[in-house]
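File shown here: start_23.tsv, holding TSV, C-alpha atoms and all ligand atoms.
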```tsv
chain	number	residue	atom	x	y	z
Y	1	MET	CA	-37.00	-201.53	-115.69
Y	2	GLY	CA	-36.69	-204.69	-113.65
Y	3	ASP	CA	-33.73	-203.59	-111.52
Y	4	THR	CA	-35.48	-200.58	-110.04
Y	5	PHE	CA	-38.09	-202.89	-108.49
Y	6	ARG	CA	-35.55	-204.76	-106.36
Y	7	PRO	CA	-35.76	-205.95	-103.63
Y	8	VAL	CA	-39.54	-205.67	-103.83
Y	9	THR	CA	-41.30	-209.00	-103.91
Y	10	VAL	CA	-43.91	-209.06	-106.61
Y	11	VAL	CA	-46.75	-211.55	-106.88
Y	12	VAL	CA	-48.82	-211.75	-110.06
Y	13	VAL	CA	-52.25	-213.33	-109.50
Y	14	GLY	CA	-53.93	-214.69	-112.63
Y	15	ALA	CA	-50.44	-215.29	-114.02
Y	16	GLY	CA	-51.72	-217.67	-116.70
Y	17	GLY	CA	-53.99	-215.11	-118.38
Y	18	ARG	CA	-53.22	-212.73	-121.24
Y	19	LEU	CA	-52.16	-209.77	-119.12
Y	20	GLY	CA	-50.74	-211.97	-116.37
Y	21	ARG	CA	-48.37	-213.65	-118.82
Y	22	GLU	CA	-47.28	-210.26	-120.14
Y	23	PHE	CA	-46.35	-209.21	-116.60
Y	24	MET	CA	-44.56	-212.50	-115.98
Y	25	ASP	CA	-42.54	-212.09	-119.21
Y	26	ARG	CA	-41.66	-208.47	-118.80
Y	27	LEU	CA	-40.83	-208.63	-115.09
Y	28	SER	CA	-38.95	-211.90	-115.45
Y	29	SER	CA	-35.63	-210.22	-114.62
Y	30	LEU	CA	-36.87	-209.60	-111.09
Y	31	SER	CA	-35.21	-212.00	-108.69
Y	32	ASP	CA	-38.29	-212.23	-106.58
Y	33	LEU	CA	-41.27	-212.60	-108.86
Y	34	THR	CA	-43.95	-215.20	-108.22
Y	35	GLY	CA	-46.84	-215.98	-110.52
Y	36	LEU	CA	-49.97	-217.68	-109.21
Y	37	THR	CA	-52.32	-219.35	-111.67
Y	38	HIS	CA	-55.94	-220.23	-111.05
Y	39	VAL	CA	-54.87	-223.74	-109.98
Y	40	GLN	CA	-52.44	-222.40	-107.36
Y	41	CYS	CA	-54.74	-219.72	-106.00
Y	42	ASP	CA	-58.49	-219.37	-106.45
Y	43	ILE	CA	-59.20	-215.71	-105.79
Y	44	ALA	CA	-62.81	-216.51	-104.89
Y	45	ASP	CA	-61.50	-218.44	-101.85
Y	46	SER	CA	-60.56	-215.75	-99.34
Y	47	MET	CA	-58.76	-218.18	-97.01
Y	48	GLU	CA	-56.63	-219.56	-99.81
Y	49	VAL	CA	-55.71	-216.09	-101.07
Y	50	GLU	CA	-54.77	-214.95	-97.59
Y	51	ARG	CA	-52.71	-218.07	-96.92
Y	52	MET	CA	-50.74	-217.68	-100.16
Y	53	VAL	CA	-50.10	-213.99	-99.65
Y	54	LEU	CA	-49.08	-214.42	-96.01
Y	55	GLU	CA	-46.69	-217.15	-97.06
Y	56	LEU	CA	-45.10	-215.09	-99.86
Y	57	GLN	CA	-45.02	-211.73	-97.99
Y	58	PRO	CA	-45.01	-209.64	-101.19
Y	59	ARG	CA	-44.62	-205.88	-101.32
Y	60	VAL	CA	-46.73	-205.65	-104.48
Y	61	VAL	CA	-49.61	-207.85	-105.64
Y	62	ILE	CA	-50.63	-207.44	-109.29
Y	63	ASN	CA	-54.09	-208.93	-109.79
Y	64	CYS	CA	-54.75	-210.02	-113.38
Y	65	ALA	CA	-57.35	-212.65	-112.45
Y	66	ALA	CA	-60.95	-212.00	-113.48
Y	67	GLN	CA	-63.80	-213.10	-115.70
Y	68	PRO	CA	-63.32	-210.59	-118.54
Y	69	SER	CA	-65.81	-212.13	-120.98
Y	70	VAL	CA	-68.89	-209.92	-121.37
Y	71	ASP	CA	-70.95	-212.89	-122.53
Y	72	ALA	CA	-69.78	-215.24	-119.76
Y	73	CYS	CA	-70.54	-212.59	-117.12
Y	74	GLU	CA	-74.06	-212.16	-118.46
Y	75	LYS	CA	-74.59	-215.91	-118.61
Y	76	ASP	CA	-73.53	-216.65	-115.04
Y	77	ARG	CA	-73.93	-213.46	-113.03
Y	78	ASP	CA	-73.21	-215.08	-109.66
Y	79	GLN	CA	-69.94	-216.56	-110.84
Y	80	ALA	CA	-68.95	-213.23	-112.43
Y	81	TYR	CA	-69.66	-211.48	-109.12
Y	82	ARG	CA	-67.61	-214.05	-107.21
Y	83	MET	CA	-64.60	-213.63	-109.49
Y	84	ASN	CA	-64.73	-209.94	-110.37
Y	85	VAL	CA	-65.95	-208.44	-107.10
Y	86	LEU	CA	-65.34	-210.88	-104.24
Y	87	GLY	CA	-62.11	-212.17	-105.82
Y	88	ALA	CA	-60.78	-208.66	-106.34
Y	89	ARG	CA	-61.66	-207.76	-102.75
Y	90	ASN	CA	-60.00	-210.92	-101.41
Y	91	VAL	CA	-56.74	-210.17	-103.22
Y	92	ALA	CA	-56.77	-206.52	-102.12
Y	93	HIS	CA	-57.53	-207.47	-98.51
Y	94	ALA	CA	-54.80	-210.13	-98.40
Y	95	ALA	CA	-52.33	-207.56	-99.76
Y	96	TYR	CA	-53.46	-205.11	-97.06
Y	97	LYS	CA	-52.75	-207.71	-94.36
Y	98	VAL	CA	-49.08	-207.81	-95.35
Y	99	ALA	CA	-48.90	-204.06	-96.05
Y	100	ALA	CA	-48.52	-204.66	-99.79
Y	101	LYS	CA	-49.72	-202.48	-102.62
Y	102	VAL	CA	-52.38	-204.06	-104.82
Y	103	VAL	CA	-52.73	-203.35	-108.53
Y	104	HIS	CA	-56.17	-204.02	-109.98
Y	105	PHE	CA	-57.42	-203.78	-113.57
Y	106	SER	CA	-60.78	-202.41	-114.58
Y	107	THR	CA	-62.35	-201.45	-117.87
Y	108	ASP	CA	-63.77	-198.74	-120.14
Y	109	TYR	CA	-67.04	-200.71	-119.90
Y	110	VAL	CA	-67.79	-198.98	-116.57
Y	111	PHE	CA	-69.10	-196.16	-118.80
Y	112	ASP	CA	-72.31	-196.15	-120.83
Y	113	GLY	CA	-70.65	-194.70	-123.94
Y	114	THR	CA	-73.03	-191.77	-124.41
Y	115	ALA	CA	-70.81	-188.87	-123.26
Y	116	GLY	CA	-69.69	-187.72	-126.69
Y	117	HIS	CA	-66.12	-187.15	-125.45
Y	118	ALA	CA	-63.26	-189.23	-124.10
Y	119	TYR	CA	-64.04	-190.20	-120.50
Y	120	ALA	CA	-61.86	-188.79	-117.73
Y	121	GLU	CA	-61.36	-190.54	-114.41
Y	122	TRP	CA	-63.80	-188.11	-112.78
Y	123	ASP	CA	-66.64	-188.79	-115.22
Y	124	ALA	CA	-69.56	-190.68	-113.71
Y	125	PRO	CA	-69.63	-194.38	-114.56
Y	126	ASN	CA	-72.88	-196.00	-115.64
Y	127	PRO	CA	-72.25	-199.56	-116.84
Y	128	ILE	CA	-74.79	-201.12	-119.20
Y	129	ASN	CA	-73.88	-204.79	-118.85
Y	130	TRP	CA	-73.08	-207.13	-115.95
Y	131	TYR	CA	-69.36	-207.28	-116.75
Y	132	GLY	CA	-69.15	-203.48	-116.49
Y	133	ARG	CA	-71.20	-203.49	-113.30
Y	134	THR	CA	-69.02	-206.12	-111.62
Y	135	LYS	CA	-65.86	-204.27	-112.64
Y	136	LEU	CA	-67.23	-201.00	-111.24
Y	137	MET	CA	-68.12	-202.79	-108.00
Y	138	SER	CA	-64.61	-204.28	-107.99
Y	139	GLU	CA	-63.03	-200.81	-108.10
Y	140	GLU	CA	-64.89	-199.81	-104.95
Y	141	ALA	CA	-64.24	-203.15	-103.25
Y	142	VAL	CA	-60.50	-202.87	-103.90
Y	143	ARG	CA	-60.32	-199.27	-102.69
Y	144	ARG	CA	-62.15	-200.14	-99.49
Y	145	ALA	CA	-60.07	-203.25	-98.81
Y	146	ASN	CA	-56.69	-201.63	-99.37
Y	147	PRO	CA	-55.95	-197.89	-99.41
Y	148	ASP	CA	-52.60	-198.67	-101.04
Y	149	SER	CA	-54.28	-199.66	-104.28
Y	150	LEU	CA	-53.82	-198.78	-107.92
Y	151	VAL	CA	-56.90	-199.23	-110.10
Y	152	LEU	CA	-56.10	-199.06	-113.80
Y	153	ARG	CA	-58.82	-198.95	-116.44
Y	154	ILE	CA	-57.70	-200.58	-119.68
Y	155	ALA	CA	-59.55	-201.48	-122.90
Y	156	TYR	CA	-59.45	-203.88	-125.85
Y	157	VAL	CA	-56.07	-205.29	-124.91
Y	158	TYR	CA	-53.76	-207.04	-127.37
Y	159	GLY	CA	-50.37	-208.60	-126.78
Y	160	ALA	CA	-48.19	-211.61	-127.28
Y	161	HIS	CA	-50.39	-214.02	-125.31
Y	162	GLY	CA	-53.72	-215.71	-125.74
Y	163	ASP	CA	-56.64	-214.87	-128.00
Y	164	ASN	CA	-56.83	-211.15	-128.61
Y	165	PRO	CA	-57.88	-208.67	-131.30
Y	166	VAL	CA	-54.62	-209.18	-133.25
Y	167	THR	CA	-54.64	-212.99	-133.22
Y	168	ALA	CA	-58.29	-212.92	-134.34
Y	169	VAL	CA	-57.26	-211.20	-137.57
Y	170	VAL	CA	-54.26	-213.45	-138.11
Y	171	ARG	CA	-56.36	-216.56	-137.57
Y	172	ALA	CA	-59.08	-215.35	-139.96
Y	173	ALA	CA	-56.40	-214.81	-142.62
Y	174	GLU	CA	-55.08	-218.34	-142.04
Y	175	THR	CA	-58.48	-220.05	-142.10
Y	176	GLY	CA	-60.20	-217.87	-144.70
Y	177	ALA	CA	-62.98	-217.06	-142.20
Y	178	ARG	CA	-64.86	-213.76	-142.50
Y	179	LEU	CA	-64.52	-211.40	-139.56
Y	180	VAL	CA	-67.67	-209.41	-138.90
Y	181	LEU	CA	-66.81	-206.43	-136.70
Y	182	PRO	CA	-68.65	-203.33	-135.48
Y	183	ASP	CA	-67.51	-200.10	-137.13
Y	184	ASP	CA	-69.54	-197.88	-134.80
Y	185	GLN	CA	-68.22	-199.08	-131.43
Y	186	LEU	CA	-65.29	-196.81	-130.61
Y	187	MET	CA	-62.68	-197.33	-127.91
Y	188	SER	CA	-58.98	-196.95	-127.16
Y	189	PRO	CA	-57.11	-200.18	-127.96
Y	190	THR	CA	-54.38	-200.97	-125.47
Y	191	SER	CA	-51.00	-202.66	-125.82
Y	192	ALA	CA	-50.40	-205.14	-122.99
Y	193	SER	CA	-46.68	-204.38	-122.97
Y	194	GLU	CA	-47.38	-200.65	-122.56
Y	195	VAL	CA	-49.74	-201.49	-119.67
Y	196	VAL	CA	-46.86	-203.31	-117.96
Y	197	GLN	CA	-44.49	-200.37	-118.51
Y	198	GLN	CA	-47.01	-197.80	-117.27
Y	199	THR	CA	-47.93	-199.95	-114.27
Y	200	THR	CA	-44.28	-200.37	-113.37
Y	201	LEU	CA	-43.71	-196.61	-113.48
Y	202	LEU	CA	-46.73	-195.96	-111.28
Y	203	ILE	CA	-45.59	-198.54	-108.73
Y	204	GLN	CA	-42.09	-197.09	-108.69
Y	205	ARG	CA	-43.52	-193.60	-108.07
Y	206	GLY	CA	-45.65	-194.91	-105.20
Y	207	ALA	CA	-48.89	-193.92	-106.95
Y	208	THR	CA	-52.30	-194.90	-105.61
Y	209	GLY	CA	-55.80	-194.34	-106.95
Y	210	LEU	CA	-57.57	-194.55	-110.27
Y	211	TYR	CA	-55.87	-194.15	-113.66
Y	212	HIS	CA	-56.94	-194.56	-117.27
Y	213	VAL	CA	-54.22	-196.56	-119.03
Y	214	THR	CA	-55.12	-197.15	-122.68
Y	215	GLY	CA	-53.72	-196.35	-126.09
Y	216	LYS	CA	-54.38	-192.70	-126.91
Y	217	GLY	CA	-57.09	-191.79	-129.41
Y	218	GLN	CA	-59.93	-193.99	-130.55
Y	219	THR	CA	-60.92	-196.42	-133.26
Y	220	SER	CA	-63.50	-199.09	-134.02
Y	221	ARG	CA	-62.95	-202.85	-133.88
Y	222	TYR	CA	-63.34	-202.91	-137.67
Y	223	GLU	CA	-60.73	-200.19	-138.25
Y	224	PHE	CA	-58.39	-201.83	-135.75
Y	225	ALA	CA	-58.62	-205.13	-137.64
Y	226	ARG	CA	-58.03	-203.30	-140.91
Y	227	ALA	CA	-54.89	-201.71	-139.47
Y	228	VAL	CA	-53.61	-205.15	-138.40
Y	229	ALA	CA	-54.32	-206.68	-141.81
Y	230	THR	CA	-52.78	-203.78	-143.72
Y	231	THR	CA	-49.63	-203.65	-141.59
Y	232	LEU	CA	-49.06	-207.39	-141.81
Y	233	GLY	CA	-50.13	-207.57	-145.49
Y	234	LEU	CA	-52.80	-210.16	-144.70
Y	235	ASP	CA	-55.53	-211.14	-147.09
Y	236	VAL	CA	-58.55	-211.27	-144.80
Y	237	GLN	CA	-62.23	-210.62	-145.34
Y	238	LEU	CA	-63.34	-207.95	-142.87
Y	239	VAL	CA	-67.03	-207.09	-142.82
Y	240	PRO	CA	-68.13	-203.87	-141.07
Y	241	VAL	CA	-71.44	-203.99	-139.23
Y	242	HIS	CA	-73.39	-201.76	-136.85
Y	243	ALA	CA	-73.10	-203.13	-133.32
Y	244	ALA	CA	-76.89	-203.04	-132.91
Y	245	ASP	CA	-77.26	-205.31	-135.95
Y	246	ILE	CA	-75.32	-208.21	-134.39
Y	247	PRO	CA	-78.12	-210.57	-133.31
Y	248	GLY	CA	-78.28	-211.67	-129.68
Y	249	ARG	CA	-75.21	-209.66	-128.68
Y	250	VAL	CA	-74.98	-208.51	-125.07
Y	251	PRO	CA	-75.07	-204.68	-125.24
Y	252	ARG	CA	-71.73	-202.93	-125.15
Y	253	PRO	CA	-71.24	-199.18	-124.71
Y	254	LEU	CA	-70.77	-197.53	-128.10
Y	255	ARG	CA	-68.14	-194.87	-127.44
Y	256	THR	CA	-65.69	-195.36	-124.60
Y	257	PRO	CA	-62.37	-193.73	-125.50
Y	258	LEU	CA	-60.56	-192.91	-122.25
Y	259	ALA	CA	-58.71	-189.66	-121.47
Y	260	HIS	CA	-55.68	-190.13	-119.20
Y	261	GLU	CA	-56.31	-187.08	-117.07
Y	262	HIS	CA	-54.68	-188.39	-113.90
Y	263	LEU	CA	-51.54	-189.55	-115.74
Y	264	ARG	CA	-51.40	-186.27	-117.68
Y	265	LEU	CA	-51.82	-184.03	-114.63
Y	266	GLU	CA	-49.14	-185.97	-112.76
Y	267	GLY	CA	-46.80	-185.85	-115.76
Y	268	GLN	CA	-46.59	-189.65	-115.91
Y	269	ASP	CA	-48.33	-190.55	-119.15
Y	270	MET	CA	-46.12	-192.89	-121.18
Y	271	MET	CA	-48.87	-194.48	-123.27
Y	272	SER	CA	-48.60	-194.11	-127.08
Y	273	ASN	CA	-51.26	-193.35	-129.66
Y	274	TRP	CA	-53.13	-196.60	-130.29
Y	275	ASP	CA	-51.98	-196.86	-133.94
Y	276	GLU	CA	-48.31	-196.23	-133.09
Y	277	ALA	CA	-48.38	-198.79	-130.28
Y	278	LEU	CA	-50.06	-201.31	-132.58
Y	279	TYR	CA	-47.51	-200.73	-135.34
Y	280	GLU	CA	-44.64	-201.17	-132.89
Y	281	PHE	CA	-46.18	-204.37	-131.53
Y	282	LEU	CA	-46.72	-205.83	-134.99
Y	283	VAL	CA	-43.20	-204.95	-136.14
Y	284	ASP	CA	-41.61	-206.32	-132.95
Y	285	ASN	CA	-43.72	-209.46	-132.93
Y	286	CYS	CA	-44.50	-210.01	-136.59
Y	287	ARG	CA	-42.98	-213.45	-136.41
Y	288	SER	CA	-44.11	-214.51	-132.95
Y	289	PRO	CA	-47.79	-213.40	-132.97
Y	290	LEU	CA	-48.21	-214.92	-136.39
Y	291	GLY	CA	-46.66	-218.11	-135.07
Y	292	SER	CA	-48.72	-218.11	-131.89
Y	293	ALA	CA	-52.00	-217.01	-133.41
Y	294	GLY	CA	-53.72	-220.14	-132.20
Y	295	ASN	CA	-52.87	-219.55	-128.51
V	1	LIG	N1	-58.50	-208.28	-122.27
V	1	LIG	C1	-59.09	-207.10	-122.36
V	1	LIG	O1	-59.37	-206.59	-123.47
V	1	LIG	C2	-59.44	-206.32	-121.11
V	1	LIG	C3	-60.07	-205.07	-121.25
V	1	LIG	C4	-60.38	-204.34	-120.11
V	1	LIG	C5	-60.06	-204.83	-118.87
V	1	LIG	N2	-59.47	-206.04	-118.74
V	1	LIG	C6	-59.16	-206.53	-117.39
V	1	LIG	O2	-57.80	-206.92	-117.35
V	1	LIG	C7	-57.64	-208.01	-116.44
V	1	LIG	C8	-56.89	-209.14	-117.13
V	1	LIG	O3	-57.66	-209.59	-118.22
V	1	LIG	P1	-57.11	-210.65	-119.26
V	1	LIG	O4	-57.56	-210.23	-120.60
V	1	LIG	O5	-55.68	-210.94	-119.01
V	1	LIG	O6	-58.00	-211.91	-118.85
V	1	LIG	P2	-57.72	-213.47	-119.12
V	1	LIG	O7	-56.76	-213.65	-120.22
V	1	LIG	O8	-59.05	-214.12	-119.22
V	1	LIG	O9	-57.03	-213.90	-117.78
V	1	LIG	C9	-57.75	-213.98	-116.59
V	1	LIG	C10	-57.06	-215.00	-115.70
V	1	LIG	O10	-57.80	-215.08	-114.50
V	1	LIG	C11	-57.76	-216.42	-114.09
V	1	LIG	N3	-58.88	-216.68	-113.20
V	1	LIG	C12	-60.18	-216.73	-113.50
V	1	LIG	N4	-60.90	-217.01	-112.39
V	1	LIG	C13	-60.01	-217.14	-111.39
V	1	LIG	C14	-60.12	-217.43	-110.01
V	1	LIG	N5	-61.31	-217.65	-109.42
V	1	LIG	N6	-58.99	-217.50	-109.29
V	1	LIG	C15	-57.79	-217.28	-109.85
V	1	LIG	N7	-57.62	-217.00	-111.14
V	1	LIG	C16	-58.72	-216.93	-111.90
V	1	LIG	C17	-57.89	-217.22	-115.37
V	1	LIG	O11	-57.37	-218.51	-115.14
V	1	LIG	P3	-58.04	-219.76	-115.91
V	1	LIG	O12	-57.88	-219.46	-117.36
V	1	LIG	O13	-57.24	-220.90	-115.41
V	1	LIG	O14	-59.47	-219.78	-115.44
V	1	LIG	C18	-57.01	-216.41	-116.32
V	1	LIG	O15	-55.69	-216.87	-116.30
V	1	LIG	C19	-59.05	-208.35	-115.95
V	1	LIG	O16	-59.29	-207.72	-114.73
V	1	LIG	C20	-59.95	-207.77	-117.02
V	1	LIG	O17	-61.24	-207.45	-116.52
V	1	LIG	C21	-59.13	-206.80	-119.84
```

So, in terms of structure tokens, how does the structure I just supplied come out?
Amino acid sequence: MGDTFRPVTVVVVGAGGRLGREFMDRLSSLSDLTGLTHVQCDIADSMEVERMVLELQPRVVINCAAQPSVDACEKDRDQAYRMNVLGARNVAHAAYKVAAKVVHFSTDYVFDGTAGHAYAEWDAPNPINWYGRTKLMSEEAVRRANPDSLVLRIAYVYGAHGDNPVTAVVRAAETGARLVLPDDQLMSPTSASEVVQQTTLLIQRGATGLYHVTGKGQTSRYEFARAVATTLGLDVQLVPVHAADIPGRVPRPLRTPLAHEHLRLEGQDMMSNWDEALYEFLVDNCRSPLGSAGN
């Protein structure tokens, strides 16, 4: 995969995050890959972003930097706006200045979850929390700032890095903690490594625009955790709950499975069913995620 990128210069912004680290790992064979962490480049600072990008002269900028916490976004709306909207625009605009493609990640939370079917790219968004609203605004900001942009909506991402829905189960098994999880909030869990593969293919094909890039099918957080525990043979206490019964929880949309209509129509869909991708991840990583559960 790496070789076909050459001699394109790739910059990953937010390289220290969960998805950013996945890109850094999986594109590490590229001779010209640069990762920028928060310390090296604050995306909220337009001058700094522009200076870094002008210096590096990339052909592709993959932006993994954001505030993805629903609770944190609700708590500090201004900061969430700065990071998710202004930051995304700054990165896209800096990429535009050097004629680079920008890749931006958005979320299934741009939808309100009431459609009763898997959402296609052309379905109307209607976010119900501030995170979803900022991410929807970010999509528009990125498109306006750089026509050569790829906006990929992903959901409930797990992978080899950082805290994620798999490590939560592993840690609960290790500590004996109970995991209380909604069984009525349905979405399409997404493997970070598959996101990297699908993104790479889209970049190689010169794609632009909006794509849904999740695992296929749908499940609840509770059923997902059960699948992790069963596959890994973990003894963990999982407690199903209705999302509405979790006190003080910022509202999340209840049903946001995503249909990959743009990938399907273009014959480019390489995402697996969510349960197959999860099984493959657990088998491939059953030593390392267990070992790095505390990341
Ligand atoms: N994880 C999911 O389930 C999920 C689902 C849907 C969509 N997404 C989207 O996928 C993308 C990646 O998410 P993720 O899960 O990888 O998030 P993450 O693990 O929280 O990583 C985000 C990264 O952004 C960096 N960052 C935050 N503010 C920054 C700033 N002002 N300047 C530069 N860097 C900054 C953070 O650095 P510090 O840690 O140093 O602050 C962190 O490394 C985001 O756009 C998110 O909205 C994620």

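The coordinates place CA of Arg264 in chain Y at 23.4 Å from CA of Phe281 in chain Y.
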
Kindly work out which residues sit at most 7 Å from ligand LIG 1 (chain V), using only C-alpha atoms and all ligand atoms, and give the list as a VMD selection string.
chain Y and resid 13 to 20 37 to 39 41 to 44 64 to 68 83 87 104 to 108 135 153 to 158 162

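You will find CA of Leu86 in chain Y at 25.6 Å from CA of Asp163 in chain Y.
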
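Taking CA of Ala145 in chain Y and CA of Asn90 in chain Y as endpoints, the distance between them is 8.1 Å.
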
Residue nearest Val103 in chain Y - candidates Y:Gly248, Y:Pro147, Y:Pro189, Y:Pro257, atoms counted: all atoms listed in the file:
Y:Pro147

Taking (-60.1, -206.0, -96.6) in the file's own coordinates, collect the residues within 8 Å, counting only C-alpha atoms, and hand them back as a list in words.
Arg89, Asn90, Ala92, His93, Ala94, Tyr96, Lys97, Val142, Arg144, Ala145 and Asn146 of chain Y

Pick out the residues sitting within 12 Å of Pro58 in chain Y, and hand them over as JSON, numbers by chain; count all atoms listed in the file, and ignore anything fewer than 4 positions along from it in its own chain.
{"Y": [6, 7, 8, 9, 10, 11, 12, 13, 32, 33, 34, 35, 50, 52, 53, 54, 62, 91, 94, 95, 96, 97, 98, 99, 100, 101, 102]}

Can you complete the atoms of range 171-195 of chain Y to N, CA and C atoms and list them as a PDB file, in the frame of the given file?
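Saved result, part-v5.pdb, follows:
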```
ATOM      1  N   ARG Y 171     -55.718-215.254-137.408  1.00  0.00           N
ATOM      2  CA  ARG Y 171     -56.360-216.560-137.570  1.00  0.00           C
ATOM      3  C   ARG Y 171     -57.369-216.544-138.721  1.00  0.00           C
ATOM      4  N   ALA Y 172     -58.107-215.455-138.856  1.00  0.00           N
ATOM      5  CA  ALA Y 172     -59.080-215.350-139.960  1.00  0.00           C
ATOM      6  C   ALA Y 172     -58.350-215.410-141.303  1.00  0.00           C
ATOM      7  N   ALA Y 173     -57.176-214.780-141.364  1.00  0.00           N
ATOM      8  CA  ALA Y 173     -56.400-214.810-142.620  1.00  0.00           C
ATOM      9  C   ALA Y 173     -55.945-216.245-142.906  1.00  0.00           C
ATOM     10  N   GLU Y 174     -55.573-216.963-141.851  1.00  0.00           N
ATOM     11  CA  GLU Y 174     -55.080-218.340-142.040  1.00  0.00           C
ATOM     12  C   GLU Y 174     -56.197-219.302-142.443  1.00  0.00           C
ATOM     13  N   THR Y 175     -57.390-219.089-141.870  1.00  0.00           N
ATOM     14  CA  THR Y 175     -58.480-220.050-142.100  1.00  0.00           C
ATOM     15  C   THR Y 175     -59.417-219.625-143.226  1.00  0.00           C
ATOM     16  N   GLY Y 176     -59.303-218.369-143.653  1.00  0.00           N
ATOM     17  CA  GLY Y 176     -60.200-217.870-144.700  1.00  0.00           C
ATOM     18  C   GLY Y 176     -61.566-217.474-144.148  1.00  0.00           C
ATOM     19  N   ALA Y 177     -61.687-217.441-142.809  1.00  0.00           N
ATOM     20  CA  ALA Y 177     -62.980-217.060-142.200  1.00  0.00           C
ATOM     21  C   ALA Y 177     -63.223-215.560-142.361  1.00  0.00           C
ATOM     22  N   ARG Y 178     -64.498-215.176-142.465  1.00  0.00           N
ATOM     23  CA  ARG Y 178     -64.860-213.760-142.500  1.00  0.00           C
ATOM     24  C   ARG Y 178     -64.899-213.227-141.076  1.00  0.00           C
ATOM     25  N   LEU Y 179     -64.416-212.025-140.890  1.00  0.00           N
ATOM     26  CA  LEU Y 179     -64.520-211.400-139.560  1.00  0.00           C
ATOM     27  C   LEU Y 179     -65.540-210.266-139.645  1.00  0.00           C
ATOM     28  N   VAL Y 180     -66.633-210.430-138.919  1.00  0.00           N
ATOM     29  CA  VAL Y 180     -67.670-209.410-138.900  1.00  0.00           C
ATOM     30  C   VAL Y 180     -67.472-208.550-137.648  1.00  0.00           C
ATOM     31  N   LEU Y 181     -67.204-207.270-137.846  1.00  0.00           N
ATOM     32  CA  LEU Y 181     -66.810-206.430-136.700  1.00  0.00           C
ATOM     33  C   LEU Y 181     -67.558-205.102-136.721  1.00  0.00           C
ATOM     34  N   PRO Y 182     -67.965-204.627-135.534  1.00  0.00           N
ATOM     35  CA  PRO Y 182     -68.650-203.330-135.480  1.00  0.00           C
ATOM     36  C   PRO Y 182     -67.742-202.195-135.926  1.00  0.00           C
ATOM     37  N   ASP Y 183     -68.298-201.281-136.735  1.00  0.00           N
ATOM     38  CA  ASP Y 183     -67.510-200.100-137.130  1.00  0.00           C
ATOM     39  C   ASP Y 183     -68.021-198.850-136.432  1.00  0.00           C
ATOM     40  N   ASP Y 184     -68.984-199.036-135.512  1.00  0.00           N
ATOM     41  CA  ASP Y 184     -69.540-197.880-134.800  1.00  0.00           C
ATOM     42  C   ASP Y 184     -69.320-197.977-133.296  1.00  0.00           C
ATOM     43  N   GLN Y 185     -68.531-198.961-132.859  1.00  0.00           N
ATOM     44  CA  GLN Y 185     -68.220-199.080-131.430  1.00  0.00           C
ATOM     45  C   GLN Y 185     -66.781-198.614-131.253  1.00  0.00           C
ATOM     46  N   LEU Y 186     -66.616-197.438-130.657  1.00  0.00           N
ATOM     47  CA  LEU Y 186     -65.290-196.810-130.610  1.00  0.00           C
ATOM     48  C   LEU Y 186     -64.680-196.916-129.224  1.00  0.00           C
ATOM     49  N   MET Y 187     -63.394-197.227-129.199  1.00  0.00           N
ATOM     50  CA  MET Y 187     -62.680-197.330-127.910  1.00  0.00           C
ATOM     51  C   MET Y 187     -61.192-197.079-128.146  1.00  0.00           C
ATOM     52  N   SER Y 188     -60.422-197.215-127.088  1.00  0.00           N
ATOM     53  CA  SER Y 188     -58.980-196.950-127.160  1.00  0.00           C
ATOM     54  C   SER Y 188     -58.222-198.266-126.978  1.00  0.00           C
ATOM     55  N   PRO Y 189     -57.820-198.907-128.092  1.00  0.00           N
ATOM     56  CA  PRO Y 189     -57.110-200.180-127.960  1.00  0.00           C
ATOM     57  C   PRO Y 189     -55.828-200.019-127.154  1.00  0.00           C
ATOM     58  N   THR Y 190     -55.470-201.078-126.450  1.00  0.00           N
ATOM     59  CA  THR Y 190     -54.380-200.970-125.470  1.00  0.00           C
ATOM     60  C   THR Y 190     -53.355-202.083-125.646  1.00  0.00           C
ATOM     61  N   SER Y 191     -52.099-201.687-125.718  1.00  0.00           N
ATOM     62  CA  SER Y 191     -51.000-202.660-125.820  1.00  0.00           C
ATOM     63  C   SER Y 191     -50.679-203.203-124.429  1.00  0.00           C
ATOM     64  N   ALA Y 192     -50.686-204.528-124.294  1.00  0.00           N
ATOM     65  CA  ALA Y 192     -50.400-205.140-122.990  1.00  0.00           C
ATOM     66  C   ALA Y 192     -48.997-204.766-122.509  1.00  0.00           C
ATOM     67  N   SER Y 193     -48.040-204.693-123.425  1.00  0.00           N
ATOM     68  CA  SER Y 193     -46.680-204.380-122.970  1.00  0.00           C
ATOM     69  C   SER Y 193     -46.610-202.935-122.463  1.00  0.00           C
ATOM     70  N   GLU Y 194     -47.372-202.034-123.080  1.00  0.00           N
ATOM     71  CA  GLU Y 194     -47.380-200.650-122.560  1.00  0.00           C
ATOM     72  C   GLU Y 194     -48.075-200.584-121.198  1.00  0.00           C
ATOM     73  N   VAL Y 195     -49.090-201.444-120.991  1.00  0.00           N
ATOM     74  CA  VAL Y 195     -49.740-201.490-119.670  1.00  0.00           C
ATOM     75  C   VAL Y 195     -48.706-201.884-118.608  1.00  0.00           C
TER      76      VAL Y 195
END
```
